[in-house]
Amino acid sequence: MPSGPSTPRALSPEGRTAALADLLRQATQASLDPDAVLEVAVRWCVRVLGDRATVWTFSHDHETLRAGPRAHAREDDERDAGLDGTLAERAIERHTAVADGGRMVAPLRSRGRILGVLAVEHENPTRAYRREDLELLGEVAARVGLVLDNARLYDRVRVQATTLEHVDAAVCAIDADGRITSFNPAAERMFGYSEAEVLGHSPLDLLNAEPHQRIEAARDAVVADGRHASPWRLRRKSGEQFDGHIHTVAVADDHGGMTGMVAVYQDLSERLALIAALERKAAQQAAVAALGERALEAEHPTALVDRAVEMVRQTLQVELVALFELVDEGRMLALAAGAGFPDNYVGHTTVPGGWADGQEGFTLIRREPVIVDDARRERRFVQAALVGDLGAISGASVVVQGHGGTHAVLAAYSDRPGAFTPDDVTFLQSMANVLGDALDRFAGEEEIRHRGLHDPLTELPNRTLVLERLAQAVARIDRSGPTQPRIALLFLDLDHFKNINDGLGHRAGDDVLCQVADRLRAAVRPVDTVGRFGGDEFVVLCEDVIDEAMARAIAERLAEAFEKPFRAGGDDHVLGASIGVALMDTGADAVLDPDALLRDADAAMYRAKEAGRSRIEVFDMGMRAWAVDRLATEAALRRALETEDEIVVHYQPIVDLGDGSIAAVEALVRWQHPERGLLGPDAFVGVAEDSGLIVPLGRRVLELACAQAAAWAAGRGDDRAVLPVHVNLSPRQLHDQWLVDTVVAALGDAVPGSLALEITEGTLIDRGVDRVALLEQLRDRGVALVLDDFGTGWSSLARLAELPIGGLKVDRSFVADIDGRGGPIVDAIVRLARAFDLPVVAEGIETTEQLEALGRLDCGLGQGFLFARPLPAEALTPLVLGREPAYGEIVARAPRV
């Protein structure tokens with residue numbers, strides 16, 4: 001027989017206290033496990049209050065009670081303590097224990113919430129519970145409810161903590177005071193702080209990179225709505241800012257009051273970078289496709305490359321993009337197209353094409369893409385000043401390759417280090433490939449067109465092309481008046497060519513025709529057109545011809561091409577040319593008829609033949625008064641050069657701006673015309689240049705200046721420094737093969753250092769080895785070379801360093817504007833001269849204010865009307881020979897700072 005149920009006895013107050021203490025001790029030991037707490041409770045109830053006990057807890061929806069742990073007084077009793085629904089509702093509703101006979105139900109309460117009920121019953125339903133039993137159950141249920149709630153809370157915290165340890169999202173818990181209370185490992189990895197470093201600190205101080213207004217708006221949203229989510233600018237421990245996303249949720253207590261917040265952070269930088277990369281890739285592909293469409297539409301290469309560099313600049317979002325074409329047989333790269341460069345750079349600037357001279361030349365030689373992450377740390381080559389001066393730090397460059405060779409180098413530059421990725425280089429190369437194919441196709445088309453418009457023997461334009469260019473020239477004529485530039489057409493027929501062709505054969509004749517073509521090309525300007533009409537007839541088309549005199553001068557140059565014999569059949573043969581010249585009137589009433597102009601030139605050529613061959617005939621003999629004067633000036637100048645007293649030299653002192661002494665003098669040519677009086681160089685030097693008289697004129701000035709320098713040197717004595725005489729040298733004189741001999745003869749026995757030759761920046765354009773060798777020969781003979789009008793040309797620092805230059809002269813235009821834009825230029829030239837250890841002379845000083853400004857810039861030498869106008873030698877001699885500073889008083893009025 002099964003044993004009967006135990007019968008709980010009424011507990012004394014002391015027993016009740018001891019029983020409760022025992023219950024709390026056991027519940028506390030099990031407080032980390034919610035189920036264990038309930039097991040303790042039901043076992044205790046069976047031992048103290050009844051035969052059966054069961055716990056019923058609410059489900060998550062707080063709608064349904066589910067049976068939990070149970071206990072029985074008898075081991076063979078497996079029934080649960082029945083739950084009287086009505087009794088349970090009363091207990092829950094009243095928040096207190098209730099009884100009905102042999103059953104009791106008490107609510108499990110904690111922090112104002114009902115977690116479930118604890119049901120106890122006697123096996124004998126007629127045995128009713130006493131009031132003290134009901135009170136004891138109520139107290140037990142209250143104690144157990146609190147311990148259960150704490151156990152559940154601990155369990156949730158433990159699960160949450162474990163979860164936070166392993167989730168990828170960065171989570172930060174914040175208390176009501178805005179201080180960090182929890183910082184999971186993902187947050188540590190994202191922001192770079194350890195949890196210990198951030199606990200107790202405000203996330204706004206450590207993690208936030210948003211402005212105050214946005215922070216306040218987000219906080220208000222959390223308070224009002226319980227949550228806020230949006231993209232957010234965040235900051236790492238290193239100070240690096242990055243794009244992220246924040247989702248903030250308010251944490252409330254049981255009464256709905258906000259006790260803190262939990263923020264979940266996401267790092268969007270990689271995602272955004274990926275999106276940006278995809279968008280960038282799509283834009284690059286679209287740009288390549290668009291450029292390809294333009295290329296297929298046969299857009300002109302100039303427009304195509306201009307479009308290409310701008311598209312690259314916009315697509316890569318960089319500061320500079322350039323297309324460098326090969327010039328000087330690949331030794332230099334010229335900026336043929338550019339985006340982001342100053343207007344005057346394109347077409348006028350170059351970079352070296354050597355291996356170590358820059359990224360562009362390195363790319364050209366390597367024939368493969370080159371990336372520069374930071375030019376300041378680049379070791380393979382030096383950065384080209386062209387892009388470095390414009391702020392370029394990183395760059396990417398590729399070769400524009402064609403079927404027959406390299407066309408150009410395409411390069412992009414940024415002012416940000418590491419701005420270019422391999423994908424960017426692939427895009428750049430794709431654009432270069434499109435350009436290479438387009439340039440190849442255009443070159444092929446041009447070759448076909450060239451063959452159709454050029455003479456196959458001489459490669460000169462044929463009749464069709466000459467007439468086409470003539471029609472274009474007519475369309476460009478300015479008809480505003482008869483004095484506007486005109487078109488000249490020169491028709492040439494070789495005299496006695498038939499003798500060579502018939503006597504030596506057509507091959508010899510063809511050789512002569514090719515020699516004639518070469519000489520005619522060399523005799524005209526690059527803009528002029530030399531064409532062959534067939535047989536031995538040639539045509540020269542010239543635009544911007546001022547008048548008949550200029551047209552005749554052109555014809556004379558063409559005639560000079562026939563002064564030397566031609567080589568044919570192993571012998572020299574002299575040929576002449578009959579030249580007919582026709583000019584087109586440009587007046588408002590003139591008839592602009594290209595065919596008529598061609599007929600006029602042809603008729604003039606025949607008149608030349610009829611008049612004796614090897615001569616020039618002009619169809620229209622009308623001449624303007626100024627042209628007559630120009631020819632008269634040339635003739636008179638020729639006569640003057642044959643006399644001893646018409647060509648004279650005046651001298652202007654070059655003054656030491658420190659003490660006012662004369663440091664040098666400049667020789668300036670004058671013409672003592674027998675009828676017009678003393679003429680300045682503006683009246684005749686231009687004519688001398690055009691006519692070639694500048695060479696004998698320059699020789700005369702050299703002779704006079706060197707003779708005067710020797711006389712002054714003798715008068716000054718051996719104890720004083722040599723006084724150099726500066727003589728201007730024209731570009732044409734530099735082409736004179738006898739220049740060195742002329743200078744040596746003019747110097748005679750003069751003291752070394754007596755002569756300085758001034759050359760203009762324009763002469764530096766010629767980079768030929770012969771030119772440098774010529775200047776070095778002059779330098780080796782004790783002649784100083786001074787670069788005149790410095791700052792007005794296109795000389796580069798590299799060019800300045802490689803030439804044997806002994807001084808610089810600042811152009812007078814900069815001195816005149818020294819208080820304005822000229823000041824910084826003068827300052828730069830003075831600093832540059834100092835860096836190269838060169839003396840510098842400021843020209844055109846006319847006021848004390850200019851002198852003071854030059855003193856502030858530490859300019860050493862100067863000349864100008866403030867000191868003296870150009871003077872005859874006899875007037876300047878007392879100042880040159882005197883031992884006191886000739887202009888000390890003037891210099892003293894403008895002290896150097």
# chains A, B, ... in the order shown; residues from 1 in each chain; ligands from 1
call {"tool": "select_by_dssp", "arguments": {"residues": "region 160-295 of chain A", "states": "strand (DSSP E)", "output": "PyMOL selection string"}}
result
chain A and resi 170-175+180-183+227-235+241-252+258-267
call {"tool": "residues_around", "arguments": {"residues": "Arg227 (chain A)", "least_positions_apart": "5", "cutoff": "7 Å", "atoms": "only C-alpha atoms", "output": "ChimeraX atom specification"}}
result
/A:221-222,248-250
call {"tool": "residues_around", "arguments": {"residues": "Ile579 (chain A)", "least_positions_apart": "5", "cutoff": "9 Å", "atoms": "only C-alpha atoms", "output": "CSV table (one decimal) with all heavy atoms, in the first residue's frame"}}
result
chain,number,residue,atom,x,y,z
A,490,LEU,N,53.3,83.8,-107.0
A,490,LEU,CA,54.5,83.9,-107.8
A,490,LEU,C,54.6,82.6,-108.7
A,490,LEU,O,54.5,81.5,-108.2
A,490,LEU,CB,55.7,83.9,-106.9
A,490,LEU,CG,55.9,85.2,-106.0
A,490,LEU,CD1,55.1,85.0,-104.7
A,490,LEU,CD2,57.3,85.5,-105.7
A,491,PHE,N,54.7,82.8,-110.0
A,491,PHE,CA,54.8,81.7,-111.0
A,491,PHE,C,56.2,81.6,-111.5
A,491,PHE,O,56.8,82.6,-112.0
A,491,PHE,CB,53.8,82.1,-112.1
A,491,PHE,CG,53.2,80.8,-112.7
A,491,PHE,CD1,51.8,80.6,-112.7
A,491,PHE,CD2,54.0,79.9,-113.4
A,491,PHE,CE1,51.3,79.5,-113.3
A,491,PHE,CE2,53.5,78.8,-113.9
A,491,PHE,CZ,52.1,78.6,-113.9
A,492,LEU,N,56.8,80.4,-111.3
A,492,LEU,CA,58.2,80.2,-111.7
A,492,LEU,C,58.3,79.2,-112.8
A,492,LEU,O,57.6,78.2,-112.8
A,492,LEU,CB,59.0,79.7,-110.5
A,492,LEU,CG,59.3,80.6,-109.4
A,492,LEU,CD1,58.2,80.6,-108.4
A,492,LEU,CD2,60.6,80.1,-108.6
A,493,ASP,N,59.1,79.5,-113.8
A,493,ASP,CA,59.4,78.6,-114.9
A,493,ASP,C,60.9,78.4,-115.0
A,493,ASP,O,61.6,79.4,-115.1
A,493,ASP,CB,58.8,79.0,-116.2
A,493,ASP,CG,58.9,78.0,-117.3
A,493,ASP,OD1,58.1,77.1,-117.4
A,493,ASP,OD2,59.9,78.1,-118.0
A,494,LEU,N,61.4,77.2,-115.0
A,494,LEU,CA,62.8,77.0,-115.1
A,494,LEU,C,63.3,77.3,-116.5
A,494,LEU,O,62.8,76.8,-117.5
A,494,LEU,CB,63.2,75.5,-114.7
A,494,LEU,CG,62.7,75.0,-113.3
A,494,LEU,CD1,63.2,73.6,-113.1
A,494,LEU,CD2,63.1,76.0,-112.2
A,555,ALA,N,60.2,87.1,-104.1
A,555,ALA,CA,60.6,86.6,-105.4
A,555,ALA,C,62.2,86.6,-105.5
A,555,ALA,O,62.8,85.7,-106.1
A,555,ALA,CB,60.1,87.5,-106.6
A,558,LEU,N,63.5,83.7,-103.8
A,558,LEU,CA,63.3,82.5,-104.7
A,558,LEU,C,64.4,82.5,-105.8
A,558,LEU,O,64.9,81.4,-106.1
A,558,LEU,CB,61.9,82.5,-105.3
A,558,LEU,CG,60.8,82.4,-104.3
A,558,LEU,CD1,59.4,82.5,-105.1
A,558,LEU,CD2,60.8,81.1,-103.5
A,559,ALA,N,64.7,83.7,-106.3
A,559,ALA,CA,65.7,83.7,-107.3
A,559,ALA,C,67.1,83.4,-106.8
A,559,ALA,O,67.9,82.7,-107.5
A,559,ALA,CB,65.8,85.1,-108.0
A,601,ALA,N,49.7,86.1,-112.8
A,601,ALA,CA,51.1,85.6,-112.4
A,601,ALA,C,51.7,84.9,-113.6
A,601,ALA,O,52.9,85.1,-113.9
A,601,ALA,CB,51.0,84.7,-111.2
A,602,ASP,N,50.9,84.1,-114.3
A,602,ASP,CA,51.4,83.4,-115.5
A,602,ASP,C,51.8,84.4,-116.6
A,602,ASP,O,52.9,84.2,-117.2
A,602,ASP,CB,50.3,82.5,-116.0
A,602,ASP,CG,50.8,81.6,-117.1
A,602,ASP,OD1,51.8,80.9,-116.9
A,602,ASP,OD2,50.1,81.5,-118.1
A,604,ALA,N,52.8,87.5,-116.1
A,604,ALA,CA,54.0,88.2,-115.7
A,604,ALA,C,55.2,87.3,-115.9
A,604,ALA,O,56.3,87.7,-116.3
A,604,ALA,CB,53.9,88.6,-114.2
A,605,MET,N,55.0,86.0,-115.7
A,605,MET,CA,56.2,85.0,-115.9
A,605,MET,C,56.6,85.0,-117.4
A,605,MET,O,57.8,85.0,-117.7
A,605,MET,CB,55.8,83.6,-115.4
A,605,MET,CG,56.9,82.6,-115.5
A,605,MET,SD,56.8,81.7,-117.1
A,605,MET,CE,55.3,80.8,-117.0
A,606,TYR,N,55.6,85.0,-118.2
A,606,TYR,CA,56.0,85.0,-119.7
A,606,TYR,C,56.6,86.3,-120.1
A,606,TYR,O,57.5,86.3,-120.9
A,606,TYR,CB,54.7,84.7,-120.5
A,606,TYR,CG,54.4,83.3,-120.6
A,606,TYR,CD1,53.3,82.7,-120.0
A,606,TYR,CD2,55.2,82.5,-121.4
A,606,TYR,CE1,53.1,81.3,-120.1
A,606,TYR,CE2,55.0,81.1,-121.5
A,606,TYR,CZ,53.9,80.5,-120.9
A,606,TYR,OH,53.7,79.2,-121.0
A,608,ALA,N,58.6,87.9,-118.1
A,608,ALA,CA,59.9,87.8,-117.7
A,608,ALA,C,60.8,87.0,-118.6
A,608,ALA,O,61.9,87.3,-118.9
A,608,ALA,CB,60.0,87.1,-116.3
A,609,LYS,N,60.2,86.0,-119.2
A,609,LYS,CA,60.9,85.2,-120.2
A,609,LYS,C,61.2,86.0,-121.4
A,609,LYS,O,62.3,85.9,-122.0
A,609,LYS,CB,60.1,83.9,-120.5
A,609,LYS,CG,60.2,82.8,-119.5
A,609,LYS,CD,59.5,81.6,-120.0
A,609,LYS,CE,59.7,80.4,-119.1
A,609,LYS,NZ,61.1,79.9,-119.1
A,613,ARG,N,64.7,86.2,-119.6
A,613,ARG,CA,64.8,85.1,-118.7
A,613,ARG,C,65.6,85.5,-117.4
A,613,ARG,O,66.3,86.5,-117.3
A,613,ARG,CB,65.4,83.9,-119.3
A,613,ARG,CG,64.6,83.4,-120.5
A,613,ARG,CD,65.3,82.1,-121.1
A,613,ARG,NE,64.5,81.7,-122.3
A,613,ARG,CZ,63.5,80.8,-122.3
A,613,ARG,NH1,63.1,80.3,-121.1
A,613,ARG,NH2,62.9,80.4,-123.4
A,614,SER,N,65.4,84.5,-116.4
A,614,SER,CA,66.1,84.7,-115.1
A,614,SER,C,65.9,86.1,-114.5
A,614,SER,O,66.8,86.7,-114.1
A,614,SER,CB,67.6,84.4,-115.3
A,614,SER,OG,67.8,83.0,-115.7
A,615,ARG,N,64.7,86.5,-114.5
A,615,ARG,CA,64.4,87.8,-114.0
A,615,ARG,C,63.0,87.8,-113.3
A,615,ARG,O,62.3,86.8,-113.4
A,615,ARG,CB,64.4,88.9,-115.0
A,615,ARG,CG,63.5,88.7,-116.2
A,615,ARG,CD,63.7,89.7,-117.3
A,615,ARG,NE,63.3,91.0,-116.8
A,615,ARG,CZ,64.1,92.1,-116.9
A,615,ARG,NH1,65.3,92.1,-117.4
A,615,ARG,NH2,63.6,93.3,-116.4
A,616,ILE,N,62.6,88.9,-112.7
A,616,ILE,CA,61.3,89.0,-112.0
A,616,ILE,C,60.5,90.1,-112.6
A,616,ILE,O,61.0,91.2,-112.9
A,616,ILE,CB,61.6,89.3,-110.5
A,616,ILE,CG1,62.4,88.3,-109.8
A,616,ILE,CG2,60.2,89.5,-109.8
A,616,ILE,CD1,63.0,88.7,-108.5
A,617,GLU,N,59.3,89.8,-112.9
A,617,GLU,CA,58.3,90.8,-113.4
A,617,GLU,C,57.1,90.8,-112.5
A,617,GLU,O,56.6,89.7,-112.1
A,617,GLU,CB,57.9,90.4,-114.8
A,617,GLU,CG,59.0,90.7,-115.8
A,617,GLU,CD,59.3,92.1,-116.0
A,617,GLU,OE1,58.5,93.0,-115.7
A,617,GLU,OE2,60.4,92.4,-116.5
A,618,VAL,N,56.6,92.0,-112.1
A,618,VAL,CA,55.5,92.1,-111.3
A,618,VAL,C,54.3,92.6,-112.2
A,618,VAL,O,54.5,93.6,-112.9
A,618,VAL,CB,55.7,93.1,-110.2
A,618,VAL,CG1,54.4,93.3,-109.3
A,618,VAL,CG2,56.9,92.7,-109.3
call {"tool": "residues_around", "arguments": {"residues": "Phe538 (chain A)", "least_positions_apart": "5", "cutoff": "12 Å", "atoms": "only C-alpha atoms", "output": "MDAnalysis selection string"}}
result
chainID A and resid 455 458 460:463 466 489:494 513:514 516:521 529:533 558 577:580 598 601:602 605
call {"tool": "select_by_dssp", "arguments": {"residues": "region 671-730 of chain A", "states": "helix (DSSP H, G or I)", "output": "VMD selection string"}}
result
chain A and resid 681 to 683 685 to 691 694 to 716
call {"tool": "write_last_selection", "arguments": {"atoms": "N, CA and C atoms", "output": "mmCIF file, in the first residue's frame"}}
result
data_model
loop_
_atom_site.group_PDB
_atom_site.id
_atom_site.type_symbol
_atom_site.label_atom_id
_atom_site.label_comp_id
_atom_site.auth_asym_id
_atom_site.auth_seq_id
_atom_site.Cartn_x
_atom_site.Cartn_y
_atom_site.Cartn_z
ATOM 1 N N PRO A 681 67.520 103.555 -84.220
ATOM 2 C CA PRO A 681 67.467 102.210 -84.827
ATOM 3 C C PRO A 681 66.093 101.842 -85.360
ATOM 4 N N ASP A 682 65.026 102.404 -84.814
ATOM 5 C CA ASP A 682 63.694 102.048 -85.295
ATOM 6 C C ASP A 682 63.507 102.425 -86.747
ATOM 7 N N ALA A 683 64.278 103.382 -87.234
ATOM 8 C CA ALA A 683 64.086 103.885 -88.593
ATOM 9 C C ALA A 683 64.752 103.005 -89.637
ATOM 10 N N VAL A 685 66.760 99.580 -88.644
ATOM 11 C CA VAL A 685 67.194 98.222 -88.290
ATOM 12 C C VAL A 685 66.255 97.178 -88.885
ATOM 13 N N GLY A 686 64.938 97.475 -88.914
ATOM 14 C CA GLY A 686 64.000 96.531 -89.511
ATOM 15 C C GLY A 686 64.306 96.276 -90.969
ATOM 16 N N VAL A 687 64.632 97.355 -91.692
ATOM 17 C CA VAL A 687 64.989 97.210 -93.102
ATOM 18 C C VAL A 687 66.274 96.390 -93.226
ATOM 19 N N ALA A 688 67.206 96.643 -92.315
ATOM 20 C CA ALA A 688 68.457 95.889 -92.350
ATOM 21 C C ALA A 688 68.212 94.407 -92.112
ATOM 22 N N GLU A 689 67.318 94.091 -91.195
ATOM 23 C CA GLU A 689 67.000 92.690 -90.937
ATOM 24 C C GLU A 689 66.395 92.035 -92.174
ATOM 25 N N ASP A 690 65.418 92.695 -92.787
ATOM 26 C CA ASP A 690 64.730 92.098 -93.932
ATOM 27 C C ASP A 690 65.650 91.955 -95.141
ATOM 28 N N SER A 691 66.529 92.884 -95.296
ATOM 29 C CA SER A 691 67.366 92.889 -96.498
ATOM 30 C C SER A 691 68.658 92.117 -96.325
ATOM 31 N N ILE A 694 71.707 93.496 -91.944
ATOM 32 C CA ILE A 694 71.968 93.502 -90.514
ATOM 33 C C ILE A 694 73.335 92.898 -90.196
ATOM 34 N N VAL A 695 73.804 91.990 -91.029
ATOM 35 C CA VAL A 695 75.109 91.372 -90.789
ATOM 36 C C VAL A 695 76.232 92.376 -90.976
ATOM 37 N N PRO A 696 76.323 93.079 -92.121
ATOM 38 C CA PRO A 696 77.384 94.098 -92.223
ATOM 39 C C PRO A 696 77.167 95.254 -91.247
ATOM 40 N N LEU A 697 75.910 95.594 -90.986
ATOM 41 C CA LEU A 697 75.648 96.656 -90.013
ATOM 42 C C LEU A 697 76.152 96.239 -88.627
ATOM 43 N N GLY A 698 75.852 94.991 -88.224
ATOM 44 C CA GLY A 698 76.335 94.500 -86.935
ATOM 45 C C GLY A 698 77.851 94.452 -86.884
ATOM 46 N N ARG A 699 78.461 94.113 -88.016
ATOM 47 C CA ARG A 699 79.923 94.070 -88.055
ATOM 48 C C ARG A 699 80.505 95.466 -87.831
ATOM 49 N N ARG A 700 79.868 96.476 -88.431
ATOM 50 C CA ARG A 700 80.349 97.855 -88.264
ATOM 51 C C ARG A 700 80.223 98.290 -86.805
ATOM 52 N N VAL A 701 79.090 97.971 -86.172
ATOM 53 C CA VAL A 701 78.900 98.344 -84.765
ATOM 54 C C VAL A 701 79.932 97.647 -83.886
ATOM 55 N N LEU A 702 80.190 96.374 -84.139
ATOM 56 C CA LEU A 702 81.200 95.653 -83.378
ATOM 57 C C LEU A 702 82.568 96.321 -83.490
ATOM 58 N N GLU A 703 82.947 96.694 -84.700
ATOM 59 C CA GLU A 703 84.262 97.316 -84.906
ATOM 60 C C GLU A 703 84.372 98.632 -84.155
ATOM 61 N N LEU A 704 83.305 99.470 -84.260
ATOM 62 C CA LEU A 704 83.339 100.768 -83.589
ATOM 63 C C LEU A 704 83.339 100.601 -82.070
ATOM 64 N N ALA A 705 82.511 99.696 -81.558
ATOM 65 C CA ALA A 705 82.404 99.517 -80.115
ATOM 66 C C ALA A 705 83.704 98.958 -79.533
ATOM 67 N N CYS A 706 84.315 97.992 -80.205
ATOM 68 C CA CYS A 706 85.563 97.414 -79.691
ATOM 69 C C CYS A 706 86.691 98.435 -79.728
ATOM 70 N N ALA A 707 86.725 99.254 -80.777
ATOM 71 C CA ALA A 707 87.746 100.302 -80.835
ATOM 72 C C ALA A 707 87.573 101.285 -79.683
ATOM 73 N N GLN A 708 86.335 101.659 -79.397
ATOM 74 C CA GLN A 708 86.099 102.602 -78.306
ATOM 75 C C GLN A 708 86.422 101.946 -76.956
ATOM 76 N N ALA A 709 86.101 100.654 -76.807
ATOM 77 C CA ALA A 709 86.418 99.954 -75.567
ATOM 78 C C ALA A 709 87.921 99.954 -75.325
ATOM 79 N N ALA A 710 88.710 99.748 -76.384
ATOM 80 C CA ALA A 710 90.159 99.757 -76.248
ATOM 81 C C ALA A 710 90.649 101.141 -75.835
ATOM 82 N N ALA A 711 90.050 102.185 -76.426
ATOM 83 C CA ALA A 711 90.461 103.547 -76.076
ATOM 84 C C ALA A 711 90.163 103.860 -74.620
ATOM 85 N N TRP A 712 88.994 103.460 -74.155
ATOM 86 C CA TRP A 712 88.650 103.706 -72.751
ATOM 87 C C TRP A 712 89.546 102.888 -71.819
ATOM 88 N N ALA A 713 89.843 101.640 -72.198
ATOM 89 C CA ALA A 713 90.705 100.822 -71.365
ATOM 90 C C ALA A 713 92.074 101.458 -71.199
ATOM 91 N N ALA A 714 92.601 102.034 -72.285
ATOM 92 C CA ALA A 714 93.897 102.707 -72.202
ATOM 93 C C ALA A 714 93.819 103.935 -71.309
ATOM 94 N N GLY A 715 92.700 104.669 -71.399
ATOM 95 C CA GLY A 715 92.542 105.876 -70.597
ATOM 96 C C GLY A 715 92.319 105.586 -69.127
ATOM 97 N N ARG A 716 91.708 104.475 -68.791
ATOM 98 C CA ARG A 716 91.390 104.143 -67.397
ATOM 99 C C ARG A 716 92.596 103.569 -66.656
#
call {"tool": "residues_around", "arguments": {"residues": "Ala170 (chain A)", "least_positions_apart": "3", "cutoff": "12 Å", "atoms": "only C-alpha atoms", "output": "PyMOL selection string"}}
result
chain A and resi 163-167+173+182-193+195+207+244-248+262-267
call {"tool": "atom_distance", "arguments": {"atom1": "CA of Glu216 (chain A)", "atom2": "CA of His228 (chain A)"}}
result
11.7 Å
call {"tool": "residues_around", "arguments": {"residues": "Ile554 (chain A)", "least_positions_apart": "3", "cutoff": "9 Å", "atoms": "only C-alpha atoms", "output": "PyMOL selection string"}}
result
chain A and resi 490+523-524+542+549-551+557-559
call {"tool": "write_last_selection", "arguments": {"atoms": "all heavy atoms", "output": "short mmCIF file (atom, residue, chain, number, x, y, z; two decimals), in the first residue's frame"}}
result
data_model
loop_
_atom_site.label_atom_id
_atom_site.label_comp_id
_atom_site.auth_asym_id
_atom_site.auth_seq_id
_atom_site.Cartn_x
_atom_site.Cartn_y
_atom_site.Cartn_z
N LEU A 490 53.28 83.82 -107.02
CA LEU A 490 54.49 83.87 -107.81
C LEU A 490 54.56 82.62 -108.68
O LEU A 490 54.46 81.50 -108.18
CB LEU A 490 55.73 83.94 -106.90
CG LEU A 490 55.87 85.19 -106.05
CD1 LEU A 490 55.10 85.04 -104.73
CD2 LEU A 490 57.34 85.48 -105.74
N ALA A 523 63.28 78.64 -99.13
CA ALA A 523 63.37 80.08 -99.38
C ALA A 523 62.14 80.84 -98.91
O ALA A 523 62.15 82.09 -98.90
CB ALA A 523 63.59 80.34 -100.87
N VAL A 524 61.07 80.16 -98.54
CA VAL A 524 59.83 80.85 -98.15
C VAL A 524 59.51 80.56 -96.70
O VAL A 524 60.16 79.74 -96.03
CB VAL A 524 58.66 80.41 -99.05
CG1 VAL A 524 58.94 80.76 -100.50
CG2 VAL A 524 58.40 78.92 -98.91
N CYS A 542 51.61 83.22 -101.24
CA CYS A 542 51.99 83.90 -99.99
C CYS A 542 50.82 84.78 -99.53
O CYS A 542 50.31 85.59 -100.31
CB CYS A 542 53.23 84.77 -100.18
SG CYS A 542 54.68 83.86 -100.77
N ALA A 549 56.69 95.63 -102.66
CA ALA A 549 58.09 95.48 -102.29
C ALA A 549 58.32 94.17 -101.55
O ALA A 549 59.32 93.48 -101.78
CB ALA A 549 58.51 96.66 -101.41
N MET A 550 57.40 93.85 -100.69
CA MET A 550 57.54 92.59 -99.96
C MET A 550 57.40 91.41 -100.92
O MET A 550 58.12 90.42 -100.81
CB MET A 550 56.50 92.51 -98.85
CG MET A 550 56.60 91.25 -98.00
SD MET A 550 55.41 91.27 -96.63
CE MET A 550 55.71 89.65 -95.91
N ALA A 551 56.45 91.52 -101.85
CA ALA A 551 56.29 90.45 -102.84
C ALA A 551 57.54 90.29 -103.68
O ALA A 551 57.98 89.18 -103.98
CB ALA A 551 55.08 90.74 -103.72
N ARG A 557 64.23 86.24 -103.05
CA ARG A 557 64.73 85.10 -102.27
C ARG A 557 64.60 83.81 -103.08
O ARG A 557 65.46 82.92 -103.01
CB ARG A 557 63.97 84.97 -100.95
CG ARG A 557 64.31 86.05 -99.94
CD ARG A 557 63.97 85.59 -98.53
NE ARG A 557 62.55 85.27 -98.38
CZ ARG A 557 61.61 86.13 -98.05
NH1 ARG A 557 61.93 87.41 -97.86
NH2 ARG A 557 60.35 85.76 -97.92
N LEU A 558 63.48 83.70 -103.82
CA LEU A 558 63.31 82.52 -104.67
C LEU A 558 64.38 82.50 -105.75
O LEU A 558 64.92 81.44 -106.09
CB LEU A 558 61.93 82.52 -105.29
CG LEU A 558 60.75 82.41 -104.32
CD1 LEU A 558 59.43 82.51 -105.07
CD2 LEU A 558 60.81 81.11 -103.53
N ALA A 559 64.70 83.67 -106.29
CA ALA A 559 65.71 83.73 -107.34
C ALA A 559 67.09 83.36 -106.79
O ALA A 559 67.91 82.74 -107.49
CB ALA A 559 65.75 85.13 -107.96
#
call {"tool": "residues_around", "arguments": {"residues": "region 355-370 of chain A", "least_positions_apart": "3", "cutoff": "10 Å", "atoms": "only C-alpha atoms", "output": "count of residues only"}}
result
38
call {"tool": "closest_residue", "arguments": {"among": "A:Leu49, A:Met104, A:Val527, A:Leu148", "to": "Asp35 (chain A)", "atoms": "only C-alpha atoms"}}
result
A:Leu148
call {"tool": "closest_residue", "arguments": {"among": "A:Arg233, A:Arg127, A:Arg831, A:Arg607", "to": "Arg103 (chain A)", "atoms": "only C-alpha atoms"}}
result
A:Arg127
